[in-house]
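A short worksheet on the structure shown next.
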Amino acid sequence: MLDRLRLALIRRLETLTGQTTQAPAPDPAVANLETLRAKGNAYIAEENMVEAERCFRAALAVKNDDKKSLVCLGYVLKEQNRLSEARVALKRAIDASQQAPDEHEMHYLLGQISEQQGDLGDAAKHFRESLRLKPDFSRACRDLCQLYKKLGESHAIRGLLEQCVSLSPKCADYRLWLADVCENEIDFQGIVDHLTVAVDLGVRTVHVFLSLGAALCRIGKVTEGMQTLALAEAMDPTVAFEKHYHVGYYHLRNGSVQRGLSHMESAISLRPDLLPAHSSILMALSHASAEGVTSYRDAAMRFAQATRNQIKTPLPDRRPAVAEESGIASAKLRVGFVSGDLHTHPVAFFLQDVLKYLDKTQLHLVAYSNNPFDDVATESIKVLFDGWHSIKHLTDDDAAALIFSHHIDILFDLGGHTGENRVAVFARRPAPTQVSWLGYWASTGLQEMDFIIGDPVSAPVDSAEWFSEKVLRLPHTRLCMAVPKTSREMAIGSPPCQRNTFTTFGSFQQASKITGKVLSVWAEILAAVPRSRLRLQTEAINTPSMRDRLSQDMAQAGIDLSRVQLLGAYDLERYLEAHNEVDVLLDTFPYPGGTTTAFALWMGVPTITLAGNTMLSRQGASMLGCVGLSDLVAHNEAEYVDAAVRLAGDAARLSRLRSHLRADALKSPLFDAKTFASDFQNALLQMHHGKTR
C-alpha cells in the first residue's frame with residue numbers, strides 16, 4: 001500500500017505530465033508522448049521504477065527537452081537512489097524553455113537529493129527556492145526546518161516560519177509548527193496566538209486544544225484556558241488528568257496553593273505515574289512550615305514509588321571497565337551535573353563562578369543539559385565543562401544509560417522538583433554517589449539520592465527529619481553567587497529616602513510568593529511607618545488579570561493602594577538599577593528570595609527576612625548571615641515587622657549600607673567563589689569516600 005505522501009506526489013506528477021481523461025490530441029507525436037508519460041505514472045503507482053524510467057526515457061526520445069518527462073525521470077531515478085543522474089535530469093528540466101506551474105517541485109526534489117548526498121547548504125538553497133515559488137508549500141518548509149536543525153541553525157526556524165505565515169496566513173501547518181517553536185522557547189503568548197489562528201482555520205484536535213488551554217492558563221487567562229481544556233476532554237475523556245494538571249499548575253504558580261494541590265491530586269488519581277504533578281505537589285509543600293514535615297515526606301515517598309514503577313530497563317549492577325581510549329586520566333574524579341537551567345537562570349548565576357575555580361587537574365566535569373533552550377549564558381557556562389551532553393529528548397532510561405556509560409563518580413541533580421527537572425534519572429542509579437544541590441531546597445524523596453548539600457544555617461542539625469538524603473553541610477553557605485554580567489557599570493545611588501519624603505519598601509519576588517499572610521504583615525509595616533510606600537515589581541504584573549488579583553489581595557489585607565507602585569518585569573540591567581528606587585527590601589515567607597536577595601546585597605540594599613524551619617525558609621537567613629546582617633533576620637512575624645520599622649527609621653545606617661554593602665558582599669562567602677570552590681571540592685572528596693560532616 002502506498003503512503004499518502006507517495007500518492008500525493010503521484011497526483012502532482014500526473015498533473016505535470018498533463019494526463020487527462022479527454023480525447024488525445026490529434027498530433028501523433030504529442031499523443032505518443034502523453035501515452036508514454038501516462039504509462040510511466042502507472043508504473044510509479046505500482047512502484048515499478050525500472051519500467052517507469054523506460055517510459056520517461058522513451059518520451060524524451062520523442063521530445064528531448066520535455067520538462068514534464070524530465071521531472072518524472074528525475075523522480076524515478078531518485079527513488080532508485082541514482083542521485084547524480086536524477087540531479088542531471090532535474091536541472092535539465094529547470095533549464096528547459098517551457099513554463100511549468102509546478103517548478104517548485106523540481107527544486108524540492110533537488111533539495112532532497114542534495115540532502116541525501118550530504119550537501120546540506122545546497123539542499124537549503126533549493127528548499128528556499130521552492131518556498132519562494134510556492135510560499136504555501138508546507139513540505140518544503142518542514143524539510144527546511146529539519147535541515148536547519150542538522151546545520152545547527154535552529155535559531156533560524158522561527159524567522160523562516162514567521163516569513164511563511166506572512167506570505168501564507170491561511171496555512172495551518174505553519175501555525176502549528178510556530179506554536180511548537182514557541183513552546184520550546186517558553187513563549188506562551190506565542191502559543192496562544194498561533195494555535196488560536198489554527199483553530200480558526202479548522203484545526204480541532206485534542207492535542208491543539210490541550211496545548212492552547214495550557215498556554216492560556218500560563219498567561220493568566222484561566223477561564224478561557226479551562227474552557228479550551230474542557231473541549232479537549234470532551235473529545236477524549238482520557239485526557240482529563242492533563243486538564244487538572246494545567247489548571248493546578250496555574251493556581252500553584254499564582255499563590256492559590258490549596259486549589260492547586262486539589263487539582264494536582266485529581267490529576268494523580270487519574271494518572272498515578274504523572275511525575276510532573278508529583279513534583280508540583282512537592283514543590284508546593286516544600287514551602288510549608290514544620291507542621292508540613294509528614295505531608296511532605298508522604299508525598300515524597302509516593303513520588304519515589306511512582307518513579308521506580310516507570311523503570312523499564314534497569315542498569316547493570318556493576319559498570320564496565322573504563323575504556324583506555326576515553327582520554328580521561330584515571331586519577332581524576334568524574335563529576336556530572338544534571339540540569340535544565342543551564343541558561344539565563346538563577347542556577348547558572350550560582351554555578352558559573354564555582355566551576356571556574358574547581359581544580360581541573362583533579363576533576364573531570366560533565367554537564368547533562370535538559371535546557372528548554374540555549375542562550376548566551378549557555379555558551380558562557382558550556383566552556384567550563386570538559387563534556388556537554390543534551391538529554392532533553394532522551395527518556396529517563398536512556399539518559400541514565402548515557403550517564404552510566406561515562407563512568408561518572410559523583411552525579412549532581414541541580415533541579416530537584418522544579419520545572420525542567422530530570423530527578424527521575426537518579427532513580428536508575430547511573431552513578432555510585434548521587435547528590436542534590438543548588439536548584440532545589442528539600443528532599444527529592446529518592447533513596448537513591450545519597451546526599452543533599454546544605455550549610456549550618458539553612459540546614460541545622462535538627463532538620464534531618466526533612467530529608468531522605470544525608471545532609472552534607474558546607475562550612476559557610478550552600479550557595480555562591482556570581483557577580484552579574486552587565487554591559488555598563490551598575491552604580492549604587494544614595495538611599496531614595498534622602499531625596500523623597502518617604503521610605504520605599506520593595507519586593508521583586510514572584511507573585512506566587514506574595515501570599516495573603518505576607519501581605520497582612522506588610523500592611524502592619526506600612527501602618528507602623530506612615531511616611532512609607534510599597535514598590536512591587538514582578539513579571540505577573542505584566543498580565544492584567546494577575547495585576548488585578550494582586551491589587552485585590554492587597555486591598556483585602558488592608559493596604560492602601562494609593563501607597564503602592566506596581567511594575568512589571570525589566571531586563572537584568574534595568575532590574576538592577578531599580579534597586580536605586582528602594583530603601584529596604586521585604587522578603588517573602590515561607591518562600592524567600594534567593595537570587596533577588598543576593599542581587600540586592602550587591603546593589604547595596606538590605607533585606608528583611610523571616611527564618612522558618614525548612615532549608616528553603618532559612619535561605620535568606622543564611623545569605624544575610626554571610627554578609628554580617630543577621631540582625632535583619634526575624635524568627636516570627638512580630639520580629640519581622642519590628643526589624644523593618646527600625647531599619648526604615650535609621651537613615652544613617654541605610655546610607656552606610658549603600659556605601660559599603662557591595663564590598664562586604666564581594667568579600668563574603670556568598671560571592672567568594674574561590675573559597676567556596678575549595679570547600680565544595682573538599683566536599684566532593686568526602687562524598688566520594690562516603691563521609692559526612
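Within each chain, counting starts at residue 1; across the C-alpha cells, chains are named A, B, ... in the order shown, with ligands numbered 1 upward in that order.
For A:Leu616, the list of residues within 10 Å, based on only C-alpha atoms and with local chain neighbours fewer than 3 positions off taken out, reads A:Ser286, A:His287, A:Ala288, A:Ser289, A:Tyr440, A:Trp441, A:Ala442, A:Ser458, A:Ala459, A:Phe589, A:Pro590, A:Tyr591, A:Pro592, A:Gly593, A:Gly594, A:Ala611, A:Gly612, A:Asn613, A:Gln619, A:Gly620, A:Ala621.
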Can those selected residues be exported to a file as a PDB file, in the first residue's frame so that it contains N, CA and C atoms?
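See result_10.pdb below for the written result:
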```pdb
ATOM      1  N   SER A 286       7.105  22.079  49.844  1.00  0.00           N
ATOM      2  CA  SER A 286       8.426  22.463  50.350  1.00  0.00           C
ATOM      3  C   SER A 286       8.416  23.856  50.957  1.00  0.00           C
ATOM      4  N   HIS A 287       7.367  24.632  50.679  1.00  0.00           N
ATOM      5  CA  HIS A 287       7.258  25.976  51.253  1.00  0.00           C
ATOM      6  C   HIS A 287       6.667  25.931  52.657  1.00  0.00           C
ATOM      7  N   ALA A 288       6.177  24.757  53.066  1.00  0.00           N
ATOM      8  CA  ALA A 288       5.431  24.661  54.317  1.00  0.00           C
ATOM      9  C   ALA A 288       6.333  24.826  55.532  1.00  0.00           C
ATOM     10  N   SER A 289       5.716  25.030  56.666  1.00  0.00           N
ATOM     11  CA  SER A 289       6.449  25.135  57.928  1.00  0.00           C
ATOM     12  C   SER A 289       6.643  23.745  58.512  1.00  0.00           C
ATOM     13  N   TYR A 440      17.294  23.180  44.168  1.00  0.00           N
ATOM     14  CA  TYR A 440      16.159  22.764  44.987  1.00  0.00           C
ATOM     15  C   TYR A 440      16.592  22.785  46.436  1.00  0.00           C
ATOM     16  N   TRP A 441      15.660  22.762  47.328  1.00  0.00           N
ATOM     17  CA  TRP A 441      15.913  23.088  48.730  1.00  0.00           C
ATOM     18  C   TRP A 441      15.183  22.153  49.689  1.00  0.00           C
ATOM     19  N   ALA A 442      14.833  20.976  49.207  1.00  0.00           N
ATOM     20  CA  ALA A 442      14.144  19.995  50.052  1.00  0.00           C
ATOM     21  C   ALA A 442      14.508  18.608  49.550  1.00  0.00           C
ATOM     22  N   SER A 458      21.037  27.093  56.882  1.00  0.00           N
ATOM     23  CA  SER A 458      19.869  26.644  56.116  1.00  0.00           C
ATOM     24  C   SER A 458      19.445  25.226  56.472  1.00  0.00           C
ATOM     25  N   ALA A 459      20.368  24.411  56.960  1.00  0.00           N
ATOM     26  CA  ALA A 459      20.041  23.027  57.321  1.00  0.00           C
ATOM     27  C   ALA A 459      20.692  22.691  58.656  1.00  0.00           C
ATOM     28  N   PHE A 589       7.774  35.038  52.721  1.00  0.00           N
ATOM     29  CA  PHE A 589       7.917  33.887  53.616  1.00  0.00           C
ATOM     30  C   PHE A 589       6.666  33.029  53.515  1.00  0.00           C
ATOM     31  N   PRO A 590       6.755  31.734  53.667  1.00  0.00           N
ATOM     32  CA  PRO A 590       7.968  30.955  53.973  1.00  0.00           C
ATOM     33  C   PRO A 590       8.830  30.650  52.748  1.00  0.00           C
ATOM     34  N   TYR A 591       8.491  31.265  51.596  1.00  0.00           N
ATOM     35  CA  TYR A 591       9.264  31.071  50.363  1.00  0.00           C
ATOM     36  C   TYR A 591      10.034  32.357  50.088  1.00  0.00           C
ATOM     37  N   PRO A 592      11.266  32.447  50.579  1.00  0.00           N
ATOM     38  CA  PRO A 592      12.017  33.697  50.456  1.00  0.00           C
ATOM     39  C   PRO A 592      12.723  33.811  49.105  1.00  0.00           C
ATOM     40  N   GLY A 593      13.388  34.917  48.918  1.00  0.00           N
ATOM     41  CA  GLY A 593      14.173  35.114  47.714  1.00  0.00           C
ATOM     42  C   GLY A 593      15.508  34.409  47.795  1.00  0.00           C
ATOM     43  N   GLY A 594      16.122  34.211  46.654  1.00  0.00           N
ATOM     44  CA  GLY A 594      17.474  33.669  46.572  1.00  0.00           C
ATOM     45  C   GLY A 594      18.320  34.612  45.740  1.00  0.00           C
ATOM     46  N   ALA A 611      13.099  33.761  59.055  1.00  0.00           N
ATOM     47  CA  ALA A 611      13.608  32.384  59.000  1.00  0.00           C
ATOM     48  C   ALA A 611      12.580  31.410  59.546  1.00  0.00           C
ATOM     49  N   GLY A 612      12.319  30.352  58.818  1.00  0.00           N
ATOM     50  CA  GLY A 612      11.404  29.316  59.273  1.00  0.00           C
ATOM     51  C   GLY A 612      12.156  28.078  59.709  1.00  0.00           C
ATOM     52  N   ASN A 613      11.579  26.902  59.416  1.00  0.00           N
ATOM     53  CA  ASN A 613      12.154  25.643  59.881  1.00  0.00           C
ATOM     54  C   ASN A 613      12.679  24.757  58.755  1.00  0.00           C
ATOM     55  N   GLN A 619      16.806  30.184  53.786  1.00  0.00           N
ATOM     56  CA  GLN A 619      17.749  30.597  52.755  1.00  0.00           C
ATOM     57  C   GLN A 619      18.173  32.050  52.927  1.00  0.00           C
ATOM     58  N   GLY A 620      17.205  32.935  53.174  1.00  0.00           N
ATOM     59  CA  GLY A 620      17.525  34.341  53.374  1.00  0.00           C
ATOM     60  C   GLY A 620      18.392  34.551  54.593  1.00  0.00           C
ATOM     61  N   ALA A 621      18.116  33.803  55.665  1.00  0.00           N
ATOM     62  CA  ALA A 621      18.912  33.920  56.888  1.00  0.00           C
ATOM     63  C   ALA A 621      20.357  33.541  56.623  1.00  0.00           C
TER      64      ALA A 621
END
```
Using only C-alpha atoms, I'd like a table of the residues in stretch 411-502 of chain A that come within 12 Å of stretch 339-342 of chain A; for each, show the closest atom pair and its distance in Å rounded to one decimal, ordered by chain and ascending number, as CSV.
```
residue,atom,partner,partner_atom,distance
A:Leu411,CA,A:Ser339,CA,10.9
A:Phe412,CA,A:Ser339,CA,8.6
A:Asp413,CA,A:Ser339,CA,6.5
A:Leu414,CA,A:Ser339,CA,5.2
A:Gly415,CA,A:Ser339,CA,5.8
A:Gly416,CA,A:Ser339,CA,9.1
A:His417,CA,A:Ser339,CA,11.3
A:Thr418,CA,A:Gly340,CA,9.3
A:Gly419,CA,A:Gly340,CA,8.1
A:Glu420,CA,A:Gly340,CA,4.9
A:Asn421,CA,A:Gly340,CA,6.1
A:Arg422,CA,A:Ser339,CA,7.3
A:Val423,CA,A:Ser339,CA,9.1
A:Val425,CA,A:Ser339,CA,11.2
A:Ser436,CA,A:Ser339,CA,10.9
A:Trp437,CA,A:Ser339,CA,10.5
A:Leu438,CA,A:Ser339,CA,10.1
A:Gly439,CA,A:Asp341,CA,8.5
A:Tyr440,CA,A:Ser339,CA,11.0
```
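Those residues that approach stretch 669-686 of chain A to within 9 Å, counting only C-alpha atoms, are Leu333, Val335, Asp353, Val354, Leu355, Lys356, Tyr357, Leu358, Asp359, Leu363, Ile410, Leu472, Arg473, Leu474, Pro475, His476, Thr477, Arg478, Leu479, Cys480, Met481, Ala482, Val483, Ala598, Met623, Cys626, Val627, Thr692 and Arg693 of chain A; same-chain residues fewer than 6 positions away are not listed.
We find atom CA of A:Ser168 and atom CA of A:Val206 to be spaced 24.6 Å apart.
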Q | Distance criterion (only C-alpha atoms): nearest to A:Leu282 out of A:Arg132, A:Arg302, A:His194, A:Arg92 | A | A:Arg302
**Q.** Nearby residues (only C-alpha atoms) at most 8 Å from stretch 137-147 of chain A, same-chain spacing under 4 positions excluded, as number ranges by chain
**A.** A: 108, 120, 124, 127-128, 130-131, 151, 154, 157, 160-161, 171, 173-174
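Distance-wise, atom CA of A:Asp136 and atom CA of A:Cys164 end up 7.2 Å apart.
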